[in-house]
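Structure data follow from coords06.pdb (PDB, C-alpha atoms and all ligand atoms):
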```
ATOM      1  CA  MET A   1     -51.368  45.231   5.436
ATOM      2  CA  SER A   2     -50.079  48.111   7.558
ATOM      3  CA  ARG A   3     -49.004  51.338   5.948
ATOM      4  CA  THR A   4     -45.265  51.937   6.238
ATOM      5  CA  ALA A   5     -43.059  55.013   6.274
ATOM      6  CA  ILE A   6     -39.398  55.994   6.280
ATOM      7  CA  VAL A   7     -38.610  59.097   8.335
ATOM      8  CA  THR A   8     -35.126  60.610   8.017
ATOM      9  CA  GLY A   9     -33.476  62.506  10.873
ATOM     10  CA  ALA A  10     -35.932  60.796  13.227
ATOM     11  CA  SER A  11     -33.943  60.541  16.465
ATOM     12  CA  ARG A  12     -35.205  63.824  17.890
ATOM     13  CA  GLY A  13     -37.086  67.049  17.211
ATOM     14  CA  ILE A  14     -39.652  67.212  14.433
ATOM     15  CA  GLY A  15     -38.603  63.869  12.907
ATOM     16  CA  ARG A  16     -39.163  62.006  16.151
ATOM     17  CA  ALA A  17     -42.556  63.666  16.667
ATOM     18  CA  ILE A  18     -43.526  62.627  13.116
ATOM     19  CA  ALA A  19     -42.377  59.057  13.827
ATOM     20  CA  VAL A  20     -44.468  58.838  16.995
ATOM     21  CA  GLY A  21     -47.412  60.565  15.282
ATOM     22  CA  LEU A  22     -47.378  58.119  12.362
ATOM     23  CA  ALA A  23     -47.022  55.172  14.760
ATOM     24  CA  ASN A  24     -50.099  56.415  16.620
ATOM     25  CA  ARG A  25     -51.896  56.465  13.261
ATOM     26  CA  GLY A  26     -51.017  52.801  12.592
ATOM     27  CA  TYR A  27     -47.878  53.039  10.443
ATOM     28  CA  ASP A  28     -44.925  50.671  10.734
ATOM     29  CA  LEU A  29     -41.701  52.621  10.524
ATOM     30  CA  ALA A  30     -38.124  52.718   9.297
ATOM     31  CA  LEU A  31     -36.346  55.407  11.295
ATOM     32  CA  ASN A  32     -33.147  56.940  10.009
ATOM     33  CA  ASP A  33     -30.549  59.200  11.519
ATOM     34  CA  ILE A  34     -26.830  59.783  11.180
ATOM     35  CA  ASP A  35     -24.311  57.544  13.042
ATOM     36  CA  ARG A  36     -23.666  60.052  15.842
ATOM     37  CA  GLN A  37     -27.366  59.911  16.837
ATOM     38  CA  LYS A  38     -27.388  56.114  17.255
ATOM     39  CA  ASP A  39     -28.466  56.100  20.921
ATOM     40  CA  ASP A  40     -31.289  58.600  20.442
ATOM     41  CA  LEU A  41     -32.424  56.740  17.324
ATOM     42  CA  ASN A  42     -32.666  53.472  19.258
ATOM     43  CA  ASP A  43     -34.609  55.319  21.940
ATOM     44  CA  ALA A  44     -37.060  56.672  19.325
ATOM     45  CA  ALA A  45     -37.485  53.157  17.898
ATOM     46  CA  GLU A  46     -38.264  51.783  21.370
ATOM     47  CA  GLU A  47     -40.929  54.465  21.770
ATOM     48  CA  VAL A  48     -42.511  53.431  18.440
ATOM     49  CA  ARG A  49     -42.385  49.729  19.345
ATOM     50  CA  GLY A  50     -43.982  50.612  22.689
ATOM     51  CA  LEU A  51     -46.954  51.867  20.653
ATOM     52  CA  GLY A  52     -47.311  48.389  19.156
ATOM     53  CA  ARG A  53     -45.810  49.181  15.736
ATOM     54  CA  LYS A  54     -42.983  47.470  13.886
ATOM     55  CA  CYS A  55     -39.866  49.640  13.705
ATOM     56  CA  VAL A  56     -36.440  49.241  12.090
ATOM     57  CA  THR A  57     -33.548  51.660  12.559
ATOM     58  CA  ILE A  58     -31.185  52.674   9.783
ATOM     59  CA  LEU A  59     -27.998  54.627  10.408
ATOM     60  CA  ALA A  60     -27.256  56.505   7.194
ATOM     61  CA  ASP A  61     -26.086  59.914   6.031
ATOM     62  CA  VAL A  62     -28.646  61.331   3.584
ATOM     63  CA  SER A  63     -25.926  63.400   1.898
ATOM     64  CA  ASP A  64     -24.310  60.119   0.764
ATOM     65  CA  ALA A  65     -26.046  58.601  -2.267
ATOM     66  CA  SER A  66     -24.942  55.039  -1.529
ATOM     67  CA  ASP A  67     -26.169  55.386   2.077
ATOM     68  CA  CYS A  68     -29.572  56.466   0.727
ATOM     69  CA  LYS A  69     -29.796  53.391  -1.539
ATOM     70  CA  ARG A  70     -28.830  51.133   1.352
ATOM     71  CA  ALA A  71     -31.311  52.866   3.672
ATOM     72  CA  VAL A  72     -34.201  52.258   1.278
ATOM     73  CA  ALA A  73     -33.127  48.638   0.668
ATOM     74  CA  GLU A  74     -32.969  47.996   4.436
ATOM     75  CA  ALA A  75     -36.364  49.640   4.947
ATOM     76  CA  ILE A  76     -37.968  47.479   2.258
ATOM     77  CA  SER A  77     -36.333  44.339   3.602
ATOM     78  CA  GLY A  78     -37.390  45.196   7.180
ATOM     79  CA  LEU A  79     -40.964  46.292   6.473
ATOM     80  CA  GLY A  80     -41.806  44.515   3.188
ATOM     81  CA  HIS A  81     -42.741  47.672   1.288
ATOM     82  CA  ILE A  82     -42.629  51.465   1.628
ATOM     83  CA  ASP A  83     -45.711  53.664   1.253
ATOM     84  CA  VAL A  84     -44.356  56.960   2.587
ATOM     85  CA  LEU A  85     -41.033  58.806   2.597
ATOM     86  CA  VAL A  86     -40.706  61.754   4.967
ATOM     87  CA  ASN A  87     -37.568  63.734   4.065
ATOM     88  CA  ASN A  88     -37.011  65.400   7.418
ATOM     89  CA  ALA A  89     -33.220  65.376   8.026
ATOM     90  CA  GLY A  90     -31.779  68.862   7.826
ATOM     91  CA  ILE A  91     -29.135  71.178   9.238
ATOM     92  CA  LEU A  92     -28.905  74.883  10.020
ATOM     93  CA  LYS A  93     -25.554  76.405  10.941
ATOM     94  CA  LEU A  94     -25.963  80.174  11.010
ATOM     95  CA  SER A  95     -23.539  82.326   9.023
ATOM     96  CA  THR A  96     -23.737  85.729   7.402
ATOM     97  CA  ILE A  97     -22.974  85.899   3.699
ATOM     98  CA  ASP A  98     -19.780  87.844   4.478
ATOM     99  CA  GLU A  99     -18.497  85.014   6.658
ATOM    100  CA  MET A 100     -19.895  82.061   4.674
ATOM    101  CA  THR A 101     -17.387  79.439   3.584
ATOM    102  CA  PRO A 102     -17.970  77.419   0.407
ATOM    103  CA  GLU A 103     -17.734  74.324   2.627
ATOM    104  CA  LEU A 104     -20.661  75.396   4.829
ATOM    105  CA  TRP A 105     -22.720  76.363   1.769
ATOM    106  CA  ASP A 106     -22.049  72.966   0.175
ATOM    107  CA  GLN A 107     -22.662  71.000   3.379
ATOM    108  CA  THR A 108     -26.024  72.714   3.840
ATOM    109  CA  PHE A 109     -27.097  71.873   0.299
ATOM    110  CA  ALA A 110     -25.667  68.337   0.564
ATOM    111  CA  VAL A 111     -27.941  67.484   3.500
ATOM    112  CA  ASN A 112     -30.991  69.726   3.025
ATOM    113  CA  THR A 113     -31.363  69.552  -0.754
ATOM    114  CA  ARG A 114     -29.252  66.770  -2.258
ATOM    115  CA  GLY A 115     -30.331  64.511   0.623
ATOM    116  CA  VAL A 116     -33.976  65.021  -0.375
ATOM    117  CA  PHE A 117     -33.176  64.281  -4.023
ATOM    118  CA  GLN A 118     -31.097  61.187  -3.182
ATOM    119  CA  MET A 119     -33.684  59.648  -0.835
ATOM    120  CA  THR A 120     -36.429  60.374  -3.371
ATOM    121  CA  GLN A 121     -34.452  58.805  -6.204
ATOM    122  CA  ALA A 122     -33.645  55.782  -4.037
ATOM    123  CA  VAL A 123     -37.298  55.072  -3.153
ATOM    124  CA  VAL A 124     -39.194  56.116  -6.259
ATOM    125  CA  THR A 125     -38.590  53.010  -8.387
ATOM    126  CA  HIS A 126     -40.181  50.913  -5.638
ATOM    127  CA  MET A 127     -43.122  53.334  -5.364
ATOM    128  CA  LYS A 128     -43.598  53.401  -9.147
ATOM    129  CA  GLU A 129     -43.667  49.591  -9.256
ATOM    130  CA  ARG A 130     -46.388  49.616  -6.604
ATOM    131  CA  ARG A 131     -48.124  52.566  -8.299
ATOM    132  CA  TYR A 132     -48.491  54.171  -4.901
ATOM    133  CA  GLY A 133     -46.440  56.583  -2.850
ATOM    134  CA  ARG A 134     -46.516  59.591  -0.579
ATOM    135  CA  ILE A 135     -43.432  61.787  -0.323
ATOM    136  CA  VAL A 136     -43.414  64.608   2.233
ATOM    137  CA  ASN A 137     -40.514  67.053   2.259
ATOM    138  CA  LEU A 138     -39.617  69.274   5.206
ATOM    139  CA  ALA A 139     -38.920  72.668   3.677
ATOM    140  CA  SER A 140     -39.145  75.743   5.928
ATOM    141  CA  LEU A 141     -40.538  79.184   6.507
ATOM    142  CA  ALA A 142     -37.021  80.126   5.363
ATOM    143  CA  ALA A 143     -38.092  79.092   1.859
ATOM    144  CA  ARG A 144     -40.642  81.951   2.028
ATOM    145  CA  THR A 145     -38.675  84.510   4.020
ATOM    146  CA  GLY A 146     -35.324  83.595   5.542
ATOM    147  CA  GLY A 147     -33.622  85.648   8.235
ATOM    148  CA  PRO A 148     -30.142  87.141   8.408
ATOM    149  CA  GLY A 149     -27.547  84.369   8.770
ATOM    150  CA  GLN A 150     -29.723  81.885   6.895
ATOM    151  CA  SER A 151     -28.909  82.621   3.236
ATOM    152  CA  HIS A 152     -27.555  79.114   2.569
ATOM    153  CA  TYR A 153     -30.397  77.479   4.541
ATOM    154  CA  ALA A 154     -33.103  79.611   2.865
ATOM    155  CA  ALA A 155     -31.676  78.829  -0.571
ATOM    156  CA  SER A 156     -31.465  75.102   0.221
ATOM    157  CA  LYS A 157     -35.091  75.013   1.449
ATOM    158  CA  SER A 158     -36.382  77.110  -1.487
ATOM    159  CA  ALA A 159     -34.764  74.460  -3.680
ATOM    160  CA  VAL A 160     -36.734  71.786  -1.798
ATOM    161  CA  VAL A 161     -39.987  73.580  -2.687
ATOM    162  CA  GLY A 162     -38.959  73.666  -6.372
ATOM    163  CA  PHE A 163     -37.909  70.008  -6.250
ATOM    164  CA  THR A 164     -41.274  69.134  -4.674
ATOM    165  CA  ARG A 165     -43.179  70.740  -7.575
ATOM    166  CA  VAL A 166     -41.210  68.942 -10.282
ATOM    167  CA  SER A 167     -41.276  65.615  -8.393
ATOM    168  CA  SER A 168     -45.061  65.962  -8.332
ATOM    169  CA  MET A 169     -45.116  66.438 -12.120
ATOM    170  CA  GLU A 170     -42.805  63.495 -12.809
ATOM    171  CA  PHE A 171     -44.384  60.998 -10.388
ATOM    172  CA  GLY A 172     -48.072  61.928 -10.452
ATOM    173  CA  GLY A 173     -48.823  59.454 -13.230
ATOM    174  CA  PHE A 174     -47.666  56.628 -10.958
ATOM    175  CA  GLY A 175     -50.041  57.390  -8.090
ATOM    176  CA  ILE A 176     -47.321  59.141  -6.120
ATOM    177  CA  THR A 177     -48.010  62.504  -4.477
ATOM    178  CA  VAL A 178     -45.219  64.832  -3.375
ATOM    179  CA  ASN A 179     -45.841  67.718  -0.999
ATOM    180  CA  ALA A 180     -43.821  69.916   1.331
ATOM    181  CA  VAL A 181     -44.455  71.519   4.690
ATOM    182  CA  CYS A 182     -42.850  74.827   5.627
ATOM    183  CA  PRO A 183     -42.652  74.939   9.432
ATOM    184  CA  GLY A 184     -42.226  78.282  11.151
ATOM    185  CA  ILE A 185     -40.136  78.452  14.300
ATOM    186  CA  ILE A 186     -40.355  75.098  16.078
ATOM    187  CA  MET A 187     -38.704  74.743  19.479
ATOM    188  CA  THR A 188     -36.320  71.905  18.771
ATOM    189  CA  GLU A 189     -32.556  71.973  19.199
ATOM    190  CA  MET A 190     -32.388  73.643  15.770
ATOM    191  CA  GLY A 191     -35.122  76.149  16.603
ATOM    192  CA  ARG A 192     -33.533  77.093  19.934
ATOM    193  CA  ASN A 193     -30.060  77.493  18.382
ATOM    194  CA  ASN A 194     -31.582  79.678  15.675
ATOM    195  CA  LEU A 195     -33.250  82.100  18.114
ATOM    196  CA  ARG A 196     -30.710  82.053  20.943
ATOM    197  CA  GLU A 197     -31.766  85.115  23.009
ATOM    198  CA  PRO A 198     -35.042  85.247  25.039
ATOM    199  CA  GLU A 199     -35.769  88.674  23.478
ATOM    200  CA  ARG A 200     -35.888  87.057  20.044
ATOM    201  CA  VAL A 201     -38.224  84.338  21.339
ATOM    202  CA  ALA A 202     -40.509  87.066  22.733
ATOM    203  CA  TYR A 203     -40.364  89.025  19.460
ATOM    204  CA  PHE A 204     -41.339  86.036  17.296
ATOM    205  CA  GLU A 205     -44.092  85.021  19.725
ATOM    206  CA  LYS A 206     -45.503  88.532  19.409
ATOM    207  CA  ILE A 207     -45.524  88.608  15.597
ATOM    208  CA  THR A 208     -47.104  85.133  15.320
ATOM    209  CA  ASP A 209     -50.910  85.206  15.076
ATOM    210  CA  LEU A 210     -51.224  82.404  17.645
ATOM    211  CA  HIS A 211     -48.774  84.250  19.968
ATOM    212  CA  ARG A 212     -46.631  81.197  20.524
ATOM    213  CA  LEU A 213     -43.834  79.341  18.785
ATOM    214  CA  GLY A 214     -44.285  75.800  17.517
ATOM    215  CA  GLN A 215     -43.649  72.468  19.184
ATOM    216  CA  PRO A 216     -42.537  69.429  17.139
ATOM    217  CA  GLU A 217     -46.042  67.939  17.562
ATOM    218  CA  ASP A 218     -47.512  70.961  15.708
ATOM    219  CA  VAL A 219     -45.940  69.683  12.480
ATOM    220  CA  VAL A 220     -47.293  66.138  12.784
ATOM    221  CA  GLY A 221     -50.894  66.641  11.631
ATOM    222  CA  PRO A 222     -50.023  68.337   8.312
ATOM    223  CA  VAL A 223     -47.349  65.707   7.576
ATOM    224  CA  ALA A 224     -49.769  62.896   8.444
ATOM    225  CA  PHE A 225     -52.352  64.475   6.112
ATOM    226  CA  PHE A 226     -49.910  64.493   3.193
ATOM    227  CA  ALA A 227     -48.865  60.926   4.106
ATOM    228  CA  SER A 228     -52.440  59.667   4.061
ATOM    229  CA  ASP A 229     -55.150  59.052   1.496
ATOM    230  CA  ASP A 230     -57.051  62.093   2.796
ATOM    231  CA  SER A 231     -54.678  64.089   0.563
ATOM    232  CA  ALA A 232     -55.037  61.784  -2.477
ATOM    233  CA  PHE A 233     -55.818  64.740  -4.803
ATOM    234  CA  VAL A 234     -53.263  67.148  -3.321
ATOM    235  CA  THR A 235     -49.778  67.207  -4.815
ATOM    236  CA  GLY A 236     -46.968  69.648  -5.584
ATOM    237  CA  GLN A 237     -47.987  71.872  -2.654
ATOM    238  CA  ALA A 238     -45.970  73.577   0.069
ATOM    239  CA  LEU A 239     -48.015  74.278   3.204
ATOM    240  CA  ASN A 240     -46.954  76.837   5.799
ATOM    241  CA  VAL A 241     -47.183  75.374   9.325
ATOM    242  CA  ASP A 242     -46.170  78.446  11.261
ATOM    243  CA  GLY A 243     -48.913  79.641  13.619
ATOM    244  CA  GLY A 244     -49.612  82.566  11.299
ATOM    245  CA  ILE A 245     -46.287  84.307  10.824
ATOM    246  CA  PHE A 246     -46.203  84.546   7.038
ATOM    247  CA  TYR A 247     -48.850  84.532   4.318
ATOM    248  CA  SER A 248     -48.428  83.062   0.851
TER     249      SER A 248
HETATM  250  P1  LIG B 301     -32.969  68.813  14.656
HETATM  251  O1  LIG B 301     -33.549  68.851  16.034
HETATM  252  O2  LIG B 301     -31.606  69.371  14.448
HETATM  253  O3  LIG B 301     -33.056  67.293  14.117
HETATM  254  C1  LIG B 301     -32.583  66.968  12.846
HETATM  255  C2  LIG B 301     -32.043  65.553  12.870
HETATM  256  O4  LIG B 301     -31.502  65.245  11.560
HETATM  257  C3  LIG B 301     -30.884  65.424  13.866
HETATM  258  O5  LIG B 301     -30.944  64.216  14.587
HETATM  259  C4  LIG B 301     -29.681  65.472  12.936
HETATM  260  O6  LIG B 301     -28.503  64.919  13.493
HETATM  261  C5  LIG B 301     -30.198  64.687  11.759
HETATM  262  N1  LIG B 301     -29.328  64.809  10.595
HETATM  263  C6  LIG B 301     -28.487  65.853  10.306
HETATM  264  N2  LIG B 301     -27.790  65.585   9.194
HETATM  265  C7  LIG B 301     -28.180  64.349   8.777
HETATM  266  C8  LIG B 301     -27.792  63.533   7.698
HETATM  267  N3  LIG B 301     -26.841  63.935   6.835
HETATM  268  N4  LIG B 301     -28.369  62.331   7.543
HETATM  269  C9  LIG B 301     -29.326  61.909   8.425
HETATM  270  N5  LIG B 301     -29.724  62.647   9.479
HETATM  271  C10 LIG B 301     -29.157  63.857   9.660
HETATM  272  O7  LIG B 301     -33.915  69.580  13.620
HETATM  273  P2  LIG B 301     -35.508  69.838  13.628
HETATM  274  O8  LIG B 301     -35.715  71.195  14.169
HETATM  275  O9  LIG B 301     -36.217  68.683  14.197
HETATM  276  O10 LIG B 301     -35.753  69.940  12.047
HETATM  277  C11 LIG B 301     -36.249  68.853  11.259
HETATM  278  C12 LIG B 301     -36.487  69.383   9.844
HETATM  279  O11 LIG B 301     -37.411  70.488   9.879
HETATM  280  C13 LIG B 301     -35.209  69.920   9.181
HETATM  281  O12 LIG B 301     -35.228  69.628   7.804
HETATM  282  C14 LIG B 301     -35.323  71.411   9.403
HETATM  283  O13 LIG B 301     -34.589  72.137   8.451
HETATM  284  C15 LIG B 301     -36.816  71.614   9.269
HETATM  285  N6  LIG B 301     -37.303  72.834   9.915
HETATM  286  C16 LIG B 301     -37.089  73.071  11.244
HETATM  287  C17 LIG B 301     -37.568  74.247  11.820
HETATM  288  C18 LIG B 301     -37.359  74.593  13.270
HETATM  289  O14 LIG B 301     -37.632  75.738  13.663
HETATM  290  N7  LIG B 301     -36.921  73.693  14.115
HETATM  291  C19 LIG B 301     -38.258  75.172  11.034
HETATM  292  C20 LIG B 301     -38.461  74.892   9.690
HETATM  293  C21 LIG B 301     -37.979  73.719   9.142
HETATM  294  P3  LIG B 301     -27.353  65.978  14.061
HETATM  295  O15 LIG B 301     -28.041  66.899  15.002
HETATM  296  O16 LIG B 301     -26.349  65.091  14.710
HETATM  297  O17 LIG B 301     -26.821  66.721  12.872
END
```
Render the structure in this file as structure tokens.
Amino acid sequence: MSRTAIVTGASRGIGRAIAVGLANRGYDLALNDIDRQKDDLNDAAEEVRGLGRKCVTILADVSDASDCKRAVAEAISGLGHIDVLVNNAGILKLSTIDEMTPELWDQTFAVNTRGVFQMTQAVVTHMKERRYGRIVNLASLAARTGGPGQSHYAASKSAVVGFTRVSSMEFGGFGITVNAVCPGIIMTEMGRNNLREPERVAYFEKITDLHRLGQPEDVVGPVAFFASDDSAFVTGQALNVDGGIFYS
């Protein structure tokens, strides 16, 4: 029986790299993204199928609890069972605290934090019944040290690290591990929008031990480790995947 995984926000960027990376490691996949990314999501699914893996696509908004329940039900019906949930969908819309609107604060938490909770809640009964599960949450370097304009994002990702720890405590007795990765600056659409000017790219390259910024593929190995049985005795952790930009 093939291992299976749901990846949220999988049409592009880090989520798509994780999808392809898991497909290359033999996983069948349920790929999710929001309605507006339908074409890119279908494209990602074709890439996975081209690697010889089964792949279903699920359009759903992770900030909507009923969408999350439907997404998990469709994934189970399409793949038979779910071994792994990768909570990857996230948003970053820069704003200083002075200019922050309550709406932007709430939207950020609705996707980045409540989305993780809702997808976890939707899948965990199934994982408990099977007494097996791997949940991997995409937190961020911002959970360790955010930058100006990221207060809402840093708070939402710090909450993901806290949620990861308590999920690990609650689910460990059912054979379910829960871990987080904290990527540094990864050159996706989000990463590029975050940095904007070439001078900032050069600055962050300079202060990173590896003297480069990340590519989506740099996040795949750590996620695949937490998704696999190689990490069977590792849970409740948050691993920096940042080329050496922050130490904790
Ligand atoms: P990205 O390129 O913006 O991709 C994120 C995907 O998630 C997009 O397709 C996005 O669609 C989708 N999405 C947004 N809201 C959603 C929702 N409510 N339901 C389902 N899907 C939704 O971002 P990325 O850089 O690959 O980041 C992936 C994850 O890593 C995020 O959680 C991010 O916070 C985290 N991360 C990224 C970096 C970085 O430097 N790139 C660093 C640390 C952590 P739309 O674009 O249409 O909204």
Produce the centre coordinates and the three edge lengths, each in Å to one decimal, of the box along x, y and z that contains all listed atoms of ligand LIG 301 (chain B) with 4 Å added on each side, as JSON.
```
{"center_x": -32.4, "center_y": 68.8, "center_z": 11.4, "size_x": 20.1, "size_y": 21.8, "size_z": 17.2}
```
Near-Asp98 of chain A list (12 Å; all atoms listed in the file; drop same-chain fewer than 4 positions) as a ChimeraX atom specification: /A:94,102,148-152
I need the residue nearest Val160 of chain A from this list: A:Asn179, A:Val234, A:Thr101, A:Gly214. Use all atoms listed in the file for the distance.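 Among A:Asn179, A:Val234, A:Thr101, A:Gly214, it is A:Asn179 that comes nearest to Val160 of chain A.
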Nearest to ligand LIG 301 (chain B): which of A:Val223, A:Ile34, A:Leu41, A:Cys55 is it, counting only C-alpha atoms and all ligand atoms?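 So, comparing all the options, the nearest one is A:Ile34.
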Which residue of A:Thr108, A:Thr4, A:Asn240, A:Ser167 approaches Tyr27 of chain A most closely, using only C-alpha atoms: A:Thr4
Which residue out of A:Leu104, A:Arg192, A:Met1, A:Glu46 has the minimum interatomic distance to ligand LIG 301 (chain B) when only C-alpha atoms and all ligand atoms are used? A:Arg192
For a quick check of understanding, using all atoms listed in the file, which of A:Leu213, A:Val178, A:Ile186, A:Ala44 has the smallest distance to ligand LIG 301 (chain B)?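 That would be A:Ile186, the residue with the smallest distance to ligand LIG 301 (chain B).
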Using all atoms listed in the file, which of the listed residues (A:Gly50, A:Ala65, A:Ser228, A:Gly115) sits closest to Ala5 of chain A?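 Using all atoms listed in the file, Ala5 of chain A sits closest to A:Ser228.
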In Å, how far is it from atom CA of Pro183 of chain A to atom CA of Asn87 of chain A? 13.4 Å
Quick one: apply the PyMOL selection byres (((chain A and resi 33) around 7) and not hetatm) to the file and drop the selected residues here as a PDB file with C-alpha atoms, in the coordinates of the input.
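Here's the written file out.pdb:
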```
ATOM      1  CA  THR A   8     -35.126  60.610   8.017  1.00  0.00           C
ATOM      2  CA  GLY A   9     -33.476  62.506  10.873  1.00  0.00           C
ATOM      3  CA  ALA A  10     -35.932  60.796  13.227  1.00  0.00           C
ATOM      4  CA  SER A  11     -33.943  60.541  16.465  1.00  0.00           C
ATOM      5  CA  LEU A  31     -36.346  55.407  11.295  1.00  0.00           C
ATOM      6  CA  ASN A  32     -33.147  56.940  10.009  1.00  0.00           C
ATOM      7  CA  ILE A  34     -26.830  59.783  11.180  1.00  0.00           C
ATOM      8  CA  ASP A  35     -24.311  57.544  13.042  1.00  0.00           C
ATOM      9  CA  GLN A  37     -27.366  59.911  16.837  1.00  0.00           C
ATOM     10  CA  LEU A  41     -32.424  56.740  17.324  1.00  0.00           C
ATOM     11  CA  ILE A  58     -31.185  52.674   9.783  1.00  0.00           C
ATOM     12  CA  LEU A  59     -27.998  54.627  10.408  1.00  0.00           C
ATOM     13  CA  ALA A  60     -27.256  56.505   7.194  1.00  0.00           C
TER      14      ALA A  60
END
```
Any chance you could work out the residue set of the PyMOL selection byres (((chain A and resi 74-86) around 9) and not hetatm) here, as number ranges by chain? A: 3-8, 15, 18, 28-31, 54-58, 69-73, 87-89, 119-120, 123, 126-127, 130, 132-138, 223, 227-228
Could you work out how far atom CA of Val220 of chain A lies from atom CA of Asp43 of chain A, giving the answer in Å with one decimal?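 Separation between atom CA of Asp43 of chain A and atom CA of Val220 of chain A: 19.0 Å.
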Write segment 23-34 of chain A as a PDB file, in the frame of the given file, completed to N, CA, C and O atoms.
```pdb
ATOM      1  N   ALA A  23     -46.801  56.434  14.027  1.00  0.00           N
ATOM      2  CA  ALA A  23     -47.022  55.172  14.760  1.00  0.00           C
ATOM      3  C   ALA A  23     -48.406  55.180  15.407  1.00  0.00           C
ATOM      4  O   ALA A  23     -49.144  54.191  15.337  1.00  0.00           O
ATOM      5  N   ASN A  24     -48.766  56.300  15.994  1.00  0.00           N
ATOM      6  CA  ASN A  24     -50.099  56.415  16.620  1.00  0.00           C
ATOM      7  C   ASN A  24     -51.222  56.292  15.595  1.00  0.00           C
ATOM      8  O   ASN A  24     -52.347  55.957  15.947  1.00  0.00           O
ATOM      9  N   ARG A  25     -50.901  56.582  14.333  1.00  0.00           N
ATOM     10  CA  ARG A  25     -51.896  56.465  13.261  1.00  0.00           C
ATOM     11  C   ARG A  25     -51.809  55.106  12.561  1.00  0.00           C
ATOM     12  O   ARG A  25     -52.398  54.922  11.495  1.00  0.00           O
ATOM     13  N   GLY A  26     -51.010  54.173  13.092  1.00  0.00           N
ATOM     14  CA  GLY A  26     -51.017  52.801  12.592  1.00  0.00           C
ATOM     15  C   GLY A  26     -49.930  52.446  11.588  1.00  0.00           C
ATOM     16  O   GLY A  26     -49.970  51.374  10.983  1.00  0.00           O
ATOM     17  N   TYR A  27     -48.961  53.330  11.397  1.00  0.00           N
ATOM     18  CA  TYR A  27     -47.878  53.039  10.443  1.00  0.00           C
ATOM     19  C   TYR A  27     -46.776  52.217  11.113  1.00  0.00           C
ATOM     20  O   TYR A  27     -46.405  52.477  12.267  1.00  0.00           O
ATOM     21  N   ASP A  28     -46.206  51.264  10.362  1.00  0.00           N
ATOM     22  CA  ASP A  28     -44.925  50.671  10.734  1.00  0.00           C
ATOM     23  C   ASP A  28     -43.826  51.556  10.160  1.00  0.00           C
ATOM     24  O   ASP A  28     -44.017  52.193   9.118  1.00  0.00           O
ATOM     25  N   LEU A  29     -42.671  51.568  10.831  1.00  0.00           N
ATOM     26  CA  LEU A  29     -41.701  52.621  10.524  1.00  0.00           C
ATOM     27  C   LEU A  29     -40.274  52.128  10.321  1.00  0.00           C
ATOM     28  O   LEU A  29     -39.831  51.184  10.988  1.00  0.00           O
ATOM     29  N   ALA A  30     -39.579  52.819   9.413  1.00  0.00           N
ATOM     30  CA  ALA A  30     -38.124  52.718   9.297  1.00  0.00           C
ATOM     31  C   ALA A  30     -37.584  54.084   9.689  1.00  0.00           C
ATOM     32  O   ALA A  30     -37.886  55.084   9.012  1.00  0.00           O
ATOM     33  N   LEU A  31     -36.858  54.129  10.791  1.00  0.00           N
ATOM     34  CA  LEU A  31     -36.346  55.407  11.295  1.00  0.00           C
ATOM     35  C   LEU A  31     -34.868  55.545  10.982  1.00  0.00           C
ATOM     36  O   LEU A  31     -34.071  54.660  11.283  1.00  0.00           O
ATOM     37  N   ASN A  32     -34.541  56.670  10.374  1.00  0.00           N
ATOM     38  CA  ASN A  32     -33.147  56.940  10.009  1.00  0.00           C
ATOM     39  C   ASN A  32     -32.593  58.097  10.826  1.00  0.00           C
ATOM     40  O   ASN A  32     -33.306  59.037  11.157  1.00  0.00           O
ATOM     41  N   ASP A  33     -31.311  58.010  11.117  1.00  0.00           N
ATOM     42  CA  ASP A  33     -30.549  59.200  11.519  1.00  0.00           C
ATOM     43  C   ASP A  33     -29.088  58.904  11.220  1.00  0.00           C
ATOM     44  O   ASP A  33     -28.738  57.814  10.763  1.00  0.00           O
ATOM     45  N   ILE A  34     -28.255  59.904  11.467  1.00  0.00           N
ATOM     46  CA  ILE A  34     -26.830  59.783  11.180  1.00  0.00           C
ATOM     47  C   ILE A  34     -26.150  59.036  12.342  1.00  0.00           C
ATOM     48  O   ILE A  34     -26.677  59.033  13.459  1.00  0.00           O
TER      49      ILE A  34
END
```
